[in-house]
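Structure first, commentary second.
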Amino acid sequence: MKTPIKYLYLNKDLFFKLIQCAWDTPQKSLNVYDFYRSIEAQVLFFERERAKLAKLLGEPVEGGKYKIKDENFDEYKKKIEEIENTEVIVKDLEITLDDVSKAQYTDQKDGWLTPIEIYKLDEFLKKQQKEKEGAE
């Protein structure tokens, strides 16, 4: 499936919760894990590129971080948006919302999916299905 890096980055916590689940079959568990591994590389790429740009266009501040210089802010913003909007191909997530409702979440410290996370997951799965149907 093709999706912008921005979508993966903004939803990385949701996707991480999915790999914390006990799925009803080993195949679903493996698929969710493989999906997460395919997006993990894209998220790390985005974080590395953002750090490089901050170093290049910013100045060091306390705590080893960088503050973008005012004169470079527009350039930084433009380059970040370009990276965020880059479409990448990720492995299909072969689950349904019904599968999610049957799964058991194993990390009770953070709780299960919130209503907004379920909505985002539903939209992602619908987009993925629409793309599959278009390819057939």
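The chains in the structure tokens are called A, B, ... from first to last as shown; in each chain the residues are counted from 1, and the ligands are counted from 1 in the order shown.
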
Residue neighbourhood Val43 in chain A, 8 Å, only C-alpha atoms, exclusion window fewer than 3 positions, as a compact mmCIF listing (two decimals) with C-alpha atoms, in the first residue's frame:
```txt
# COMPACT_ATOMS: atom_id res chain seq x y z
CA ILE A 5 5.38 9.10 5.55
CA LEU A 8 2.86 6.60 9.39
CA TYR A 9 4.73 8.96 11.69
CA LYS A 12 3.19 5.16 14.96
CA ILE A 39 6.60 1.15 8.74
CA GLU A 40 9.29 1.30 11.42
CA PHE A 46 11.79 10.60 8.85
CA GLU A 47 13.30 11.12 12.31
```

Using only C-alpha atoms, which residues sit within 9 Å of range 52-57 of chain A once same-chain residues fewer than 5 positions away are excluded, as a short mmCIF file (atom, residue, chain, number, x, y, z; two decimals) with C-alpha atoms, in the first residue's frame?
```
data_model
loop_
_atom_site.label_atom_id
_atom_site.label_comp_id
_atom_site.auth_asym_id
_atom_site.auth_seq_id
_atom_site.Cartn_x
_atom_site.Cartn_y
_atom_site.Cartn_z
CA GLU A 47 13.30 11.12 12.31
CA LYS A 65 18.61 19.77 20.74
CA TYR A 66 18.53 22.30 17.93
CA LYS A 67 16.43 25.41 17.42
CA ILE A 68 15.77 26.35 13.82
CA LYS A 69 17.17 29.79 13.05
CA GLU A 71 16.04 33.01 8.76
CA ASN A 72 15.98 29.26 7.95
CA PHE A 73 12.49 28.46 9.21
CA GLU A 75 13.33 26.43 4.20
CA TYR A 76 13.12 23.94 7.09
CA LYS A 79 11.89 20.47 3.34
CA ILE A 80 10.04 18.77 6.22
#
```

> Residues of range 39-101 of chain A in strand (DSSP E or B) according to DSSP, as JSON, numbers by chain?
Replying inline: {"A": [58, 59, 60, 61, 65, 66, 67, 68, 87, 88, 89]}

> Looking at only C-alpha atoms, which of A:Tyr119, A:Trp23, A:Phe45, A:Phe35 is the one that sits closest to Val100 in chain A?
Replying inline: A:Trp23

>> Could you go through range 32-107 of chain A and tell me which residues DSSP, when run on the backbone, assigns to helix (DSSP H, G or I), listing them as a PyMOL selection string?
In response: chain A and resi 32-57+62-64+70-84+97-102

Let's have the selection written as a short mmCIF file (atom, residue, chain, number, x, y, z; two decimals), in the first residue's frame, with C-alpha atoms.
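Contents of part26.cif, freshly written:
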```
data_model
loop_
_atom_site.label_atom_id
_atom_site.label_comp_id
_atom_site.auth_asym_id
_atom_site.auth_seq_id
_atom_site.Cartn_x
_atom_site.Cartn_y
_atom_site.Cartn_z
CA VAL A 32 0.84 -7.27 12.19
CA TYR A 33 4.49 -7.66 13.17
CA ASP A 34 5.65 -7.62 9.52
CA PHE A 35 3.49 -4.55 8.86
CA TYR A 36 4.98 -2.76 11.86
CA ARG A 37 8.51 -3.61 10.76
CA SER A 38 7.77 -2.18 7.30
CA ILE A 39 6.60 1.15 8.74
CA GLU A 40 9.29 1.30 11.42
CA ALA A 41 11.97 1.87 8.77
CA GLN A 42 9.99 4.78 7.29
CA VAL A 43 9.46 6.38 10.71
CA LEU A 44 13.18 6.10 11.51
CA PHE A 45 14.03 7.60 8.12
CA PHE A 46 11.79 10.60 8.85
CA GLU A 47 13.30 11.12 12.31
CA ARG A 48 16.86 10.95 10.93
CA GLU A 49 16.10 13.40 8.12
CA ARG A 50 14.41 15.81 10.53
CA ALA A 51 17.45 15.66 12.84
CA LYS A 52 19.83 16.32 9.92
CA LEU A 53 17.79 19.34 8.82
CA ALA A 54 17.65 20.70 12.37
CA LYS A 55 21.44 20.44 12.63
CA LEU A 56 21.94 22.00 9.22
CA LEU A 57 19.45 24.86 9.59
CA GLU A 62 20.23 23.05 25.88
CA GLY A 63 19.85 19.28 26.07
CA GLY A 64 21.53 18.45 22.77
CA ASP A 70 14.47 32.31 12.14
CA GLU A 71 16.04 33.01 8.76
CA ASN A 72 15.98 29.26 7.95
CA PHE A 73 12.49 28.46 9.21
CA ASP A 74 10.71 28.65 5.84
CA GLU A 75 13.33 26.43 4.20
CA TYR A 76 13.12 23.94 7.09
CA LYS A 77 9.33 23.86 6.91
CA LYS A 78 9.38 23.33 3.12
CA LYS A 79 11.89 20.47 3.34
CA ILE A 80 10.04 18.77 6.22
CA GLU A 81 6.75 18.95 4.30
CA GLU A 82 8.47 17.43 1.27
CA ILE A 83 9.68 14.49 3.36
CA GLU A 84 6.31 14.12 5.14
CA LEU A 97 -11.83 -4.16 13.00
CA ASP A 98 -13.57 -7.38 14.03
CA ASP A 99 -10.12 -8.96 14.51
CA VAL A 100 -9.13 -5.96 16.64
CA SER A 101 -12.21 -6.31 18.84
CA LYS A 102 -11.31 -9.97 19.48
#
```

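The neighbours of Glu123 in chain A here are the residues that come within 12 Å of it, using only C-alpha atoms and leaving out any residue fewer than 5 positions away in the same chain; they are A:Tyr7, A:Asn11, A:Thr96, A:Leu97, A:Ile116, A:Glu117, A:Ile118, A:Gln128, A:Gln129, A:Lys130.
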
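The two atoms in question, CA of Met1 in chain A and CA of Ala22 in chain A, are spaced 24.4 Å apart.
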
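Between Leu10 in chain A and the residues A:Asp24, A:Lys120, A:Val61, A:Ala103, the shortest atom-to-atom distance, using only C-alpha atoms, involves A:Lys120.
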
> Using only C-alpha atoms, which residue out of A:Cys21, A:Pro115, A:Glu131, A:Lys126 lies closest to Ile89 in chain A?
Replying inline: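 Ranking A:Cys21, A:Pro115, A:Glu131, A:Lys126 by distance to Ile89 in chain A, first place goes to A:Glu131.
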
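Between Thr25 in chain A and the candidates A:Asp13, A:Pro4, A:Leu113, A:Gln104, the tightest atom-to-atom separation, counting only C-alpha atoms, involves A:Gln104.
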
> For Gln27 in chain A, which residue out of A:Lys2, A:Ala135, A:Glu94, A:Asn85 is the nearest one, using only C-alpha atoms?
Replying inline: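 Under the stated criterion, the closest residue is A:Glu94.
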
> In Å, how far is it from CA of Phe16 in chain A to CA of Gly134 in chain A?
Replying inline: 28.1 Å

> CA of Thr86 in chain A and CA of Lys28 in chain A, how far apart in Å?
Replying inline: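 For CA of Lys28 in chain A relative to CA of Thr86 in chain A, the distance reads 28.2 Å.
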